[in-house]
>>> print(open('entry_2.txt').read())   # compact mmCIF, N, CA and C atoms
# COMPACT_ATOMS: atom_id res chain seq x y z
N GLN A 1 -4.16 120.62 -118.05
CA GLN A 1 -3.99 119.40 -118.81
C GLN A 1 -4.02 119.72 -120.31
N VAL A 2 -3.03 119.25 -121.02
CA VAL A 2 -2.95 119.46 -122.46
C VAL A 2 -3.16 118.13 -123.16
N GLN A 3 -4.06 118.13 -124.10
CA GLN A 3 -4.30 116.93 -124.90
C GLN A 3 -3.66 117.08 -126.26
N LEU A 4 -3.08 116.01 -126.74
CA LEU A 4 -2.38 116.02 -128.02
C LEU A 4 -3.01 114.98 -128.93
N VAL A 5 -3.28 115.37 -130.15
CA VAL A 5 -3.88 114.46 -131.12
C VAL A 5 -2.99 114.41 -132.36
N GLU A 6 -2.46 113.22 -132.62
CA GLU A 6 -1.58 113.03 -133.78
C GLU A 6 -2.37 112.49 -134.96
N SER A 7 -1.84 112.75 -136.13
CA SER A 7 -2.39 112.17 -137.35
C SER A 7 -1.31 112.16 -138.42
N GLY A 8 -1.58 111.43 -139.50
CA GLY A 8 -0.68 111.46 -140.63
C GLY A 8 0.15 110.22 -140.85
N GLY A 9 0.08 109.28 -139.92
CA GLY A 9 0.84 108.06 -140.11
C GLY A 9 0.25 107.19 -141.20
N GLY A 10 0.97 106.14 -141.56
CA GLY A 10 0.46 105.23 -142.58
C GLY A 10 1.55 104.34 -143.12
N LEU A 11 1.19 103.65 -144.19
CA LEU A 11 2.11 102.75 -144.88
C LEU A 11 2.65 103.45 -146.11
N VAL A 12 3.97 103.47 -146.24
CA VAL A 12 4.59 104.16 -147.36
C VAL A 12 5.79 103.36 -147.83
N GLN A 13 6.10 103.47 -149.10
CA GLN A 13 7.27 102.78 -149.63
C GLN A 13 8.55 103.53 -149.29
N ALA A 14 9.62 102.80 -149.23
CA ALA A 14 10.92 103.42 -148.98
C ALA A 14 11.19 104.48 -150.04
N GLY A 15 11.72 105.60 -149.58
CA GLY A 15 11.98 106.72 -150.46
C GLY A 15 10.86 107.74 -150.50
N GLY A 16 9.72 107.37 -149.96
CA GLY A 16 8.57 108.26 -149.95
C GLY A 16 8.62 109.27 -148.81
N SER A 17 7.54 110.02 -148.67
CA SER A 17 7.46 111.07 -147.66
C SER A 17 6.14 110.98 -146.89
N LEU A 18 6.18 111.49 -145.69
CA LEU A 18 4.99 111.61 -144.86
C LEU A 18 5.07 112.89 -144.08
N ARG A 19 3.90 113.41 -143.72
CA ARG A 19 3.85 114.56 -142.82
C ARG A 19 2.94 114.20 -141.66
N LEU A 20 3.51 114.19 -140.49
CA LEU A 20 2.75 113.93 -139.28
C LEU A 20 2.30 115.25 -138.67
N SER A 21 1.13 115.23 -138.07
CA SER A 21 0.58 116.43 -137.43
C SER A 21 0.27 116.14 -135.97
N CYS A 22 0.39 117.15 -135.16
CA CYS A 22 0.03 117.03 -133.75
C CYS A 22 -0.62 118.34 -133.32
N THR A 23 -1.88 118.26 -132.97
CA THR A 23 -2.61 119.43 -132.53
C THR A 23 -2.79 119.39 -131.01
N ALA A 24 -2.43 120.49 -130.38
CA ALA A 24 -2.49 120.58 -128.92
C ALA A 24 -3.72 121.38 -128.48
N SER A 25 -4.29 120.96 -127.35
CA SER A 25 -5.47 121.66 -126.82
C SER A 25 -5.08 122.90 -126.04
N GLY A 26 -3.77 123.02 -125.70
CA GLY A 26 -3.28 124.18 -124.97
C GLY A 26 -1.86 124.48 -125.38
N ARG A 27 -1.35 125.58 -124.88
CA ARG A 27 0.00 126.01 -125.28
C ARG A 27 1.00 125.66 -124.18
N THR A 28 2.13 125.07 -124.60
CA THR A 28 3.24 124.77 -123.69
C THR A 28 4.50 125.44 -124.22
N TYR A 29 5.62 125.25 -123.56
CA TYR A 29 6.85 125.90 -124.01
C TYR A 29 7.39 125.25 -125.28
N ALA A 30 7.31 123.92 -125.32
CA ALA A 30 7.89 123.21 -126.46
C ALA A 30 7.09 121.96 -126.78
N MET A 31 7.25 121.51 -128.00
CA MET A 31 6.66 120.25 -128.40
C MET A 31 7.69 119.42 -129.13
N GLY A 32 7.51 118.11 -129.05
CA GLY A 32 8.49 117.24 -129.67
C GLY A 32 7.87 115.98 -130.24
N TRP A 33 8.72 115.26 -130.96
CA TRP A 33 8.33 113.97 -131.50
C TRP A 33 9.34 112.92 -131.04
N PHE A 34 8.81 111.79 -130.64
CA PHE A 34 9.61 110.62 -130.31
C PHE A 34 9.10 109.47 -131.16
N ARG A 35 9.88 108.41 -131.25
CA ARG A 35 9.40 107.22 -131.95
C ARG A 35 9.87 105.97 -131.22
N GLN A 36 9.06 104.93 -131.38
CA GLN A 36 9.37 103.67 -130.72
C GLN A 36 9.12 102.53 -131.68
N ALA A 37 10.19 101.84 -132.03
CA ALA A 37 10.09 100.66 -132.88
C ALA A 37 9.82 99.43 -132.01
N PRO A 38 9.27 98.38 -132.59
CA PRO A 38 8.96 97.18 -131.81
C PRO A 38 10.18 96.65 -131.08
N GLY A 39 10.04 96.43 -129.79
CA GLY A 39 11.11 95.86 -129.00
C GLY A 39 12.22 96.83 -128.65
N LYS A 40 12.04 98.11 -128.97
CA LYS A 40 13.07 99.10 -128.69
C LYS A 40 12.54 100.20 -127.78
N GLU A 41 13.46 100.99 -127.28
CA GLU A 41 13.08 102.10 -126.42
C GLU A 41 12.51 103.25 -127.25
N ARG A 42 11.83 104.15 -126.56
CA ARG A 42 11.30 105.33 -127.21
C ARG A 42 12.45 106.32 -127.41
N ASP A 43 12.67 106.72 -128.64
CA ASP A 43 13.80 107.59 -128.98
C ASP A 43 13.33 108.98 -129.41
N PHE A 44 14.12 109.96 -129.05
CA PHE A 44 13.85 111.33 -129.45
C PHE A 44 14.06 111.49 -130.95
N VAL A 45 13.20 112.31 -131.56
CA VAL A 45 13.33 112.59 -132.99
C VAL A 45 13.60 114.08 -133.22
N ALA A 46 12.69 114.92 -132.73
CA ALA A 46 12.82 116.36 -132.96
C ALA A 46 11.95 117.12 -131.97
N ALA A 47 12.29 118.39 -131.77
CA ALA A 47 11.49 119.25 -130.89
C ALA A 47 11.54 120.68 -131.40
N ILE A 48 10.57 121.47 -130.95
CA ILE A 48 10.49 122.86 -131.37
C ILE A 48 9.84 123.68 -130.27
N THR A 49 10.29 124.92 -130.11
CA THR A 49 9.66 125.81 -129.15
C THR A 49 8.58 126.62 -129.85
N TRP A 50 7.50 126.92 -129.12
CA TRP A 50 6.45 127.74 -129.72
C TRP A 50 6.94 129.16 -129.96
N ILE A 51 7.63 129.71 -128.98
CA ILE A 51 8.17 131.06 -129.12
C ILE A 51 9.55 130.97 -129.77
N GLY A 52 9.70 131.60 -130.87
CA GLY A 52 10.99 131.61 -131.55
C GLY A 52 11.18 130.49 -132.54
N GLY A 53 10.45 129.40 -132.36
CA GLY A 53 10.57 128.28 -133.28
C GLY A 53 11.94 127.62 -133.27
N TYR A 54 12.61 127.60 -132.12
CA TYR A 54 13.91 126.95 -132.06
C TYR A 54 13.74 125.44 -132.19
N THR A 55 14.59 124.83 -133.00
CA THR A 55 14.43 123.41 -133.29
C THR A 55 15.60 122.58 -132.77
N TYR A 56 15.30 121.33 -132.47
CA TYR A 56 16.27 120.37 -132.00
C TYR A 56 16.02 119.07 -132.76
N TYR A 57 17.10 118.39 -133.17
CA TYR A 57 16.97 117.15 -133.91
C TYR A 57 17.91 116.08 -133.36
N ALA A 58 17.46 114.84 -133.46
CA ALA A 58 18.38 113.73 -133.23
C ALA A 58 19.33 113.67 -134.41
N ASP A 59 20.57 113.32 -134.16
CA ASP A 59 21.57 113.27 -135.23
C ASP A 59 21.14 112.31 -136.34
N SER A 60 20.43 111.26 -135.97
CA SER A 60 20.08 110.23 -136.94
C SER A 60 19.06 110.68 -137.97
N VAL A 61 18.37 111.80 -137.71
CA VAL A 61 17.32 112.23 -138.63
C VAL A 61 17.61 113.57 -139.29
N LYS A 62 18.70 114.19 -138.94
CA LYS A 62 19.04 115.49 -139.52
C LYS A 62 19.16 115.36 -141.03
N GLY A 63 18.54 116.30 -141.73
CA GLY A 63 18.59 116.30 -143.17
C GLY A 63 17.40 115.63 -143.83
N ARG A 64 16.72 114.74 -143.10
CA ARG A 64 15.55 114.07 -143.67
C ARG A 64 14.25 114.47 -142.98
N PHE A 65 14.35 114.84 -141.71
CA PHE A 65 13.18 115.21 -140.93
C PHE A 65 13.19 116.72 -140.69
N THR A 66 12.00 117.30 -140.76
CA THR A 66 11.85 118.73 -140.45
C THR A 66 10.66 118.92 -139.54
N ILE A 67 10.89 119.60 -138.44
CA ILE A 67 9.79 119.93 -137.53
C ILE A 67 9.46 121.41 -137.70
N PHE A 68 8.18 121.71 -137.75
CA PHE A 68 7.76 123.10 -137.85
C PHE A 68 6.39 123.25 -137.22
N ARG A 69 5.98 124.49 -136.99
CA ARG A 69 4.74 124.73 -136.25
C ARG A 69 3.87 125.73 -136.98
N ASP A 70 2.59 125.62 -136.72
CA ASP A 70 1.62 126.62 -137.16
C ASP A 70 0.95 127.14 -135.89
N ILE A 71 1.37 128.32 -135.47
CA ILE A 71 0.88 128.87 -134.21
C ILE A 71 -0.63 129.08 -134.25
N SER A 72 -1.14 129.51 -135.38
CA SER A 72 -2.58 129.80 -135.48
C SER A 72 -3.43 128.55 -135.31
N LYS A 73 -2.85 127.40 -135.62
CA LYS A 73 -3.59 126.15 -135.50
C LYS A 73 -3.17 125.33 -134.29
N ASN A 74 -2.23 125.86 -133.51
CA ASN A 74 -1.70 125.11 -132.36
C ASN A 74 -1.25 123.71 -132.78
N THR A 75 -0.62 123.64 -133.92
CA THR A 75 -0.25 122.36 -134.51
C THR A 75 1.23 122.34 -134.85
N VAL A 76 1.85 121.23 -134.53
CA VAL A 76 3.24 120.97 -134.88
C VAL A 76 3.27 119.85 -135.90
N TYR A 77 4.15 119.98 -136.87
CA TYR A 77 4.26 119.01 -137.94
C TYR A 77 5.65 118.37 -137.95
N LEU A 78 5.70 117.15 -138.44
CA LEU A 78 6.98 116.49 -138.67
C LEU A 78 6.97 115.99 -140.12
N GLN A 79 7.76 116.64 -140.93
CA GLN A 79 7.90 116.25 -142.33
C GLN A 79 9.03 115.23 -142.43
N ILE A 80 8.71 114.08 -142.98
CA ILE A 80 9.71 113.01 -143.08
C ILE A 80 9.91 112.70 -144.56
N ASN A 81 11.12 112.87 -145.03
CA ASN A 81 11.45 112.60 -146.43
C ASN A 81 12.41 111.42 -146.53
N SER A 82 12.49 110.88 -147.72
CA SER A 82 13.41 109.76 -148.00
C SER A 82 13.27 108.67 -146.94
N LEU A 83 12.05 108.25 -146.73
CA LEU A 83 11.78 107.27 -145.69
C LEU A 83 12.53 105.97 -145.91
N LYS A 84 12.97 105.38 -144.81
CA LYS A 84 13.70 104.13 -144.82
C LYS A 84 12.93 103.10 -143.97
N PRO A 85 13.11 101.82 -144.28
CA PRO A 85 12.43 100.81 -143.46
C PRO A 85 12.72 100.95 -141.97
N GLU A 86 13.91 101.41 -141.63
CA GLU A 86 14.25 101.57 -140.21
C GLU A 86 13.54 102.75 -139.56
N ASP A 87 12.80 103.53 -140.33
CA ASP A 87 11.97 104.59 -139.75
C ASP A 87 10.64 104.04 -139.25
N THR A 88 10.38 102.78 -139.53
CA THR A 88 9.14 102.16 -139.07
C THR A 88 9.06 102.19 -137.55
N ALA A 89 7.99 102.77 -137.04
CA ALA A 89 7.83 102.93 -135.60
C ALA A 89 6.48 103.58 -135.31
N VAL A 90 6.12 103.58 -134.06
CA VAL A 90 5.02 104.43 -133.61
C VAL A 90 5.62 105.78 -133.24
N TYR A 91 5.07 106.82 -133.81
CA TYR A 91 5.58 108.17 -133.56
C TYR A 91 4.66 108.87 -132.57
N TYR A 92 5.27 109.38 -131.50
CA TYR A 92 4.53 110.02 -130.43
C TYR A 92 4.83 111.52 -130.40
N CYS A 93 3.77 112.27 -130.25
CA CYS A 93 3.90 113.70 -130.04
C CYS A 93 3.98 113.96 -128.53
N ALA A 94 4.76 114.94 -128.14
CA ALA A 94 4.92 115.27 -126.73
C ALA A 94 4.95 116.78 -126.56
N ALA A 95 4.55 117.23 -125.38
CA ALA A 95 4.57 118.66 -125.08
C ALA A 95 5.16 118.86 -123.69
N GLY A 96 5.94 119.92 -123.56
CA GLY A 96 6.59 120.16 -122.28
C GLY A 96 6.51 121.62 -121.87
N ASN A 97 6.35 121.84 -120.57
CA ASN A 97 6.26 123.20 -120.04
C ASN A 97 7.48 123.53 -119.20
N VAL A 98 8.63 123.12 -119.65
CA VAL A 98 9.87 123.41 -118.96
C VAL A 98 10.43 124.73 -119.44
N ASN A 99 11.43 125.28 -118.72
CA ASN A 99 12.03 126.52 -119.19
C ASN A 99 13.12 126.23 -120.22
N SER A 100 13.63 127.28 -120.82
CA SER A 100 14.56 127.11 -121.94
C SER A 100 15.84 126.41 -121.51
N ASN A 101 16.36 126.74 -120.33
CA ASN A 101 17.61 126.09 -119.88
C ASN A 101 17.43 124.60 -119.72
N PHE A 102 16.31 124.22 -119.12
CA PHE A 102 16.04 122.80 -118.92
C PHE A 102 15.87 122.10 -120.27
N LEU A 103 15.17 122.74 -121.18
CA LEU A 103 14.96 122.13 -122.49
C LEU A 103 16.27 121.98 -123.23
N ASN A 104 17.13 122.97 -123.17
CA ASN A 104 18.41 122.89 -123.86
C ASN A 104 19.24 121.72 -123.37
N ARG A 105 19.13 121.40 -122.09
CA ARG A 105 19.90 120.29 -121.52
C ARG A 105 19.22 118.94 -121.71
N ASN A 106 17.89 118.95 -121.85
CA ASN A 106 17.15 117.69 -121.81
C ASN A 106 16.16 117.49 -122.96
N PHE A 107 16.36 118.19 -124.06
CA PHE A 107 15.37 118.13 -125.13
C PHE A 107 15.22 116.71 -125.68
N GLY A 108 16.22 115.90 -125.57
CA GLY A 108 16.17 114.55 -126.09
C GLY A 108 15.64 113.51 -125.12
N SER A 109 15.27 113.95 -123.95
CA SER A 109 14.81 113.03 -122.92
C SER A 109 13.32 113.19 -122.66
N PRO A 110 12.63 112.09 -122.40
CA PRO A 110 11.20 112.20 -122.07
C PRO A 110 10.92 113.06 -120.84
N ILE A 111 11.93 113.28 -119.98
CA ILE A 111 11.68 114.06 -118.76
C ILE A 111 11.35 115.52 -119.06
N ALA A 112 11.63 115.96 -120.28
CA ALA A 112 11.33 117.35 -120.64
C ALA A 112 9.89 117.54 -121.08
N TYR A 113 9.14 116.46 -121.16
CA TYR A 113 7.79 116.51 -121.71
C TYR A 113 6.80 115.87 -120.74
N GLY A 114 5.77 116.61 -120.40
CA GLY A 114 4.79 116.10 -119.45
C GLY A 114 3.51 115.60 -120.06
N TYR A 115 3.35 115.83 -121.34
CA TYR A 115 2.13 115.42 -122.03
C TYR A 115 2.48 114.62 -123.27
N TRP A 116 1.69 113.59 -123.51
CA TRP A 116 1.97 112.68 -124.62
C TRP A 116 0.69 112.36 -125.39
N GLY A 117 0.86 112.19 -126.70
CA GLY A 117 -0.24 111.74 -127.51
C GLY A 117 -0.31 110.22 -127.53
N GLN A 118 -1.30 109.72 -128.25
CA GLN A 118 -1.52 108.28 -128.32
C GLN A 118 -0.58 107.57 -129.29
N GLY A 119 0.00 108.33 -130.19
CA GLY A 119 0.93 107.73 -131.15
C GLY A 119 0.26 107.47 -132.49
N THR A 120 1.07 107.53 -133.53
CA THR A 120 0.59 107.21 -134.87
C THR A 120 1.62 106.30 -135.54
N GLN A 121 1.13 105.24 -136.17
CA GLN A 121 2.01 104.24 -136.75
C GLN A 121 2.53 104.68 -138.11
N VAL A 122 3.84 104.56 -138.27
CA VAL A 122 4.47 104.77 -139.57
C VAL A 122 5.15 103.46 -139.96
N THR A 123 4.78 102.95 -141.11
CA THR A 123 5.36 101.71 -141.60
C THR A 123 5.96 101.96 -142.98
N VAL A 124 7.23 101.63 -143.12
CA VAL A 124 7.93 101.86 -144.38
C VAL A 124 8.29 100.50 -144.98
N SER A 125 7.78 100.24 -146.17
CA SER A 125 8.06 98.97 -146.84
C SER A 125 9.25 99.13 -147.78
N SER A 126 10.02 98.06 -147.88
CA SER A 126 11.22 98.11 -148.72
C SER A 126 10.91 97.71 -150.15
>>> encode(input="entry_2.txt", output="structure tokens")
Amino acid sequence: QVQLVESGGGLVQAGGSLRLSCTASGRTYAMGWFRQAPGKERDFVAAITWIGGYTYYADSVKGRFTIFRDISKNTVYLQINSLKPEDTAVYYCAAGNVNSNFLNRNFGSPIAYGYWGQGTQVTVSS
């Protein structure tokens, strides 16, 4: 069982930046971030593998979001720049122990991740 603890959410003005953190109690093949706005489905944001640091991004966040990891701290970060009101959502950290082929085909789907954090709220004011 892997436990995930997120932090770093908050209220920020449009154009600002935030860095979300997710610390895992154990090591899996990959970790990712999803977000869920009120009344909407949970959407994929970004993912990264522990080995090699291969990254995956949703098209909607490329260029503004960066996912990276600190292996020594078992922590994955999501740097969010140029925040927009439409980025307002609960951001969830996820971890998956799937193989590389499965992740390559399903990195954007919750089925690739078996562990989830509690979520951290990000609110962007206009």
>>> closest_atom_pairs(input="entry_2.txt", of="range 34-62 of chain A", to="range 75-99 of chain A", cutoff="6.5 Å", atoms="only N, CA and C atoms", output="CSV")
residue,atom,partner,partner_atom,distance
A:Phe34,C,A:Tyr92,N,3.8
A:Arg35,CA,A:Val90,C,4.2
A:Gln36,C,A:Val90,N,4.0
A:Ala37,CA,A:Ala89,CA,4.2
A:Pro38,N,A:Ala89,CA,5.6
>>> select_by_dssp(input="entry_2.txt", residues="chain A", states="alpha helix (DSSP H)", output="list in words")
Ser100, Asn101, Phe102, Leu103, Asn104, Arg105 and Asn106 of chain A
>>> residues_around(input="entry_2.txt", residues="range 2-13 of chain A", least_positions_apart="3", cutoff="8 Å", atoms="only N, CA and C atoms", output="PyMOL selection string")
chain A and resi 16-28+82-85+91-95+114-126
>>> write_last_selection(input="entry_2.txt", atoms="N, CA and C atoms", output="JSON list (two decimals), keeping the file's coordinate frame")
[["chain", "number", "residue", "atom", "x", "y", "z"],
["A", 16, "GLY", "N", 9.72, 107.37, -149.96],
["A", 16, "GLY", "CA", 8.57, 108.26, -149.95],
["A", 16, "GLY", "C", 8.62, 109.27, -148.81],
["A", 17, "SER", "N", 7.54, 110.02, -148.67],
["A", 17, "SER", "CA", 7.46, 111.07, -147.66],
["A", 17, "SER", "C", 6.14, 110.98, -146.89],
["A", 18, "LEU", "N", 6.18, 111.49, -145.69],
["A", 18, "LEU", "CA", 4.99, 111.61, -144.86],
["A", 18, "LEU", "C", 5.07, 112.89, -144.08],
["A", 19, "ARG", "N", 3.90, 113.41, -143.72],
["A", 19, "ARG", "CA", 3.85, 114.56, -142.82],
["A", 19, "ARG", "C", 2.94, 114.20, -141.66],
["A", 20, "LEU", "N", 3.51, 114.19, -140.49],
["A", 20, "LEU", "CA", 2.75, 113.93, -139.28],
["A", 20, "LEU", "C", 2.30, 115.25, -138.67],
["A", 21, "SER", "N", 1.13, 115.23, -138.07],
["A", 21, "SER", "CA", 0.58, 116.43, -137.43],
["A", 21, "SER", "C", 0.27, 116.14, -135.97],
["A", 22, "CYS", "N", 0.39, 117.15, -135.16],
["A", 22, "CYS", "CA", 0.03, 117.03, -133.75],
["A", 22, "CYS", "C", -0.62, 118.34, -133.32],
["A", 23, "THR", "N", -1.88, 118.26, -132.97],
["A", 23, "THR", "CA", -2.61, 119.43, -132.53],
["A", 23, "THR", "C", -2.79, 119.39, -131.01],
["A", 24, "ALA", "N", -2.43, 120.49, -130.38],
["A", 24, "ALA", "CA", -2.49, 120.58, -128.92],
["A", 24, "ALA", "C", -3.72, 121.38, -128.48],
["A", 25, "SER", "N", -4.29, 120.96, -127.35],
["A", 25, "SER", "CA", -5.47, 121.66, -126.82],
["A", 25, "SER", "C", -5.08, 122.90, -126.04],
["A", 26, "GLY", "N", -3.77, 123.02, -125.70],
["A", 26, "GLY", "CA", -3.28, 124.18, -124.97],
["A", 26, "GLY", "C", -1.86, 124.48, -125.38],
["A", 27, "ARG", "N", -1.35, 125.58, -124.88],
["A", 27, "ARG", "CA", 0.00, 126.01, -125.28],
["A", 27, "ARG", "C", 1.00, 125.66, -124.18],
["A", 28, "THR", "N", 2.13, 125.07, -124.60],
["A", 28, "THR", "CA", 3.24, 124.77, -123.69],
["A", 28, "THR", "C", 4.50, 125.44, -124.22],
["A", 82, "SER", "N", 12.49, 110.88, -147.72],
["A", 82, "SER", "CA", 13.41, 109.76, -148.00],
["A", 82, "SER", "C", 13.27, 108.67, -146.94],
["A", 83, "LEU", "N", 12.05, 108.25, -146.73],
["A", 83, "LEU", "CA", 11.78, 107.27, -145.69],
["A", 83, "LEU", "C", 12.53, 105.97, -145.91],
["A", 84, "LYS", "N", 12.97, 105.38, -144.81],
["A", 84, "LYS", "CA", 13.70, 104.13, -144.82],
["A", 84, "LYS", "C", 12.93, 103.10, -143.97],
["A", 85, "PRO", "N", 13.11, 101.82, -144.28],
["A", 85, "PRO", "CA", 12.43, 100.81, -143.46],
["A", 85, "PRO", "C", 12.72, 100.95, -141.97],
["A", 91, "TYR", "N", 5.07, 106.82, -133.81],
["A", 91, "TYR", "CA", 5.58, 108.17, -133.56],
["A", 91, "TYR", "C", 4.66, 108.87, -132.57],
["A", 92, "TYR", "N", 5.27, 109.38, -131.50],
["A", 92, "TYR", "CA", 4.53, 110.02, -130.43],
["A", 92, "TYR", "C", 4.83, 111.52, -130.40],
["A", 93, "CYS", "N", 3.77, 112.27, -130.25],
["A", 93, "CYS", "CA", 3.90, 113.70, -130.04],
["A", 93, "CYS", "C", 3.98, 113.96, -128.53],
["A", 94, "ALA", "N", 4.76, 114.94, -128.14],
["A", 94, "ALA", "CA", 4.92, 115.27, -126.73],
["A", 94, "ALA", "C", 4.95, 116.78, -126.56],
["A", 95, "ALA", "N", 4.55, 117.23, -125.38],
["A", 95, "ALA", "CA", 4.57, 118.66, -125.08],
["A", 95, "ALA", "C", 5.16, 118.86, -123.69],
["A", 114, "GLY", "N", 5.77, 116.61, -120.40],
["A", 114, "GLY", "CA", 4.79, 116.10, -119.45],
["A", 114, "GLY", "C", 3.51, 115.60, -120.06],
["A", 115, "TYR", "N", 3.35, 115.83, -121.34],
["A", 115, "TYR", "CA", 2.13, 115.42, -122.03],
["A", 115, "TYR", "C", 2.48, 114.62, -123.27],
["A", 116, "TRP", "N", 1.69, 113.59, -123.51],
["A", 116, "TRP", "CA", 1.97, 112.68, -124.62],
["A", 116, "TRP", "C", 0.69, 112.36, -125.39],
["A", 117, "GLY", "N", 0.86, 112.19, -126.70],
["A", 117, "GLY", "CA", -0.24, 111.74, -127.51],
["A", 117, "GLY", "C", -0.31, 110.22, -127.53],
["A", 118, "GLN", "N", -1.30, 109.72, -128.25],
["A", 118, "GLN", "CA", -1.52, 108.28, -128.32],
["A", 118, "GLN", "C", -0.58, 107.57, -129.29],
["A", 119, "GLY", "N", 0.00, 108.33, -130.19],
["A", 119, "GLY", "CA", 0.93, 107.73, -131.15],
["A", 119, "GLY", "C", 0.26, 107.47, -132.49],
["A", 120, "THR", "N", 1.07, 107.53, -133.53],
["A", 120, "THR", "CA", 0.59, 107.21, -134.87],
["A", 120, "THR", "C", 1.62, 106.30, -135.54],
["A", 121, "GLN", "N", 1.13, 105.24, -136.17],
["A", 121, "GLN", "CA", 2.01, 104.24, -136.75],
["A", 121, "GLN", "C", 2.53, 104.68, -138.11],
["A", 122, "VAL", "N", 3.84, 104.56, -138.27],
["A", 122, "VAL", "CA", 4.47, 104.77, -139.57],
["A", 122, "VAL", "C", 5.15, 103.46, -139.96],
["A", 123, "THR", "N", 4.78, 102.95, -141.11],
["A", 123, "THR", "CA", 5.36, 101.71, -141.60],
["A", 123, "THR", "C", 5.96, 101.96, -142.98],
["A", 124, "VAL", "N", 7.23, 101.63, -143.12],
["A", 124, "VAL", "CA", 7.93, 101.86, -144.38],
["A", 124, "VAL", "C", 8.29, 100.50, -144.98],
["A", 125, "SER", "N", 7.78, 100.24, -146.17],
["A", 125, "SER", "CA", 8.06, 98.97, -146.84],
["A", 125, "SER", "C", 9.25, 99.13, -147.78],
["A", 126, "SER", "N", 10.02, 98.06, -147.88],
["A", 126, "SER", "CA", 11.22, 98.11, -148.72],
["A", 126, "SER", "C", 10.91, 97.71, -150.15]]
>>> atom_distance(input="entry_2.txt", atom1="atom C of Gly15 in chain A", atom2="atom C of Thr66 in chain A")
15.7 Å
>>> atom_distance(input="entry_2.txt", atom1="CA of Gly39 in chain A", atom2="atom C of Lys62 in chain A")
24.3 Å
>>> atom_distance(input="entry_2.txt", atom1="atom N of Gly53 in chain A", atom2="atom N of Arg105 in chain A")
15.6 Å
>>> closest_residue(input="entry_2.txt", among="A:Ala14, A:Ala112, A:Ile67, A:Val45", to="Ala30 in chain A", atoms="only N, CA and C atoms")
A:Ala112
>>> decode(input="entry_2.txt", residues="range 109-120 of chain A", atoms="N, CA and C atoms", output="short mmCIF file (atom, residue, chain, number, x, y, z; two decimals), in the first residue's frame")
data_model
loop_
_atom_site.label_atom_id
_atom_site.label_comp_id
_atom_site.auth_asym_id
_atom_site.auth_seq_id
_atom_site.Cartn_x
_atom_site.Cartn_y
_atom_site.Cartn_z
N SER A 109 -5.21 8.05 -18.31
CA SER A 109 -6.41 7.43 -17.74
C SER A 109 -6.18 7.04 -16.29
N PRO A 110 -7.21 7.18 -15.47
CA PRO A 110 -7.07 6.75 -14.07
C PRO A 110 -6.73 5.26 -13.92
N ILE A 111 -6.99 4.46 -14.96
CA ILE A 111 -6.73 3.02 -14.83
C ILE A 111 -5.25 2.70 -14.68
N ALA A 112 -4.39 3.66 -15.01
CA ALA A 112 -2.95 3.44 -14.90
C ALA A 112 -2.44 3.68 -13.48
N TYR A 113 -3.30 4.13 -12.60
CA TYR A 113 -2.88 4.53 -11.26
C TYR A 113 -3.73 3.82 -10.20
N GLY A 114 -3.07 3.16 -9.28
CA GLY A 114 -3.79 2.42 -8.26
C GLY A 114 -3.86 3.10 -6.91
N TYR A 115 -3.13 4.18 -6.78
CA TYR A 115 -3.08 4.89 -5.50
C TYR A 115 -3.36 6.37 -5.73
N TRP A 116 -4.12 6.94 -4.80
CA TRP A 116 -4.53 8.33 -4.95
C TRP A 116 -4.38 9.08 -3.63
N GLY A 117 -4.03 10.36 -3.77
CA GLY A 117 -3.99 11.22 -2.61
C GLY A 117 -5.36 11.82 -2.33
N GLN A 118 -5.42 12.62 -1.28
CA GLN A 118 -6.68 13.23 -0.87
C GLN A 118 -7.05 14.45 -1.70
N GLY A 119 -6.08 15.02 -2.37
CA GLY A 119 -6.35 16.19 -3.19
C GLY A 119 -5.98 17.48 -2.48
N THR A 120 -5.61 18.47 -3.28
CA THR A 120 -5.32 19.79 -2.74
C THR A 120 -6.01 20.83 -3.64
#
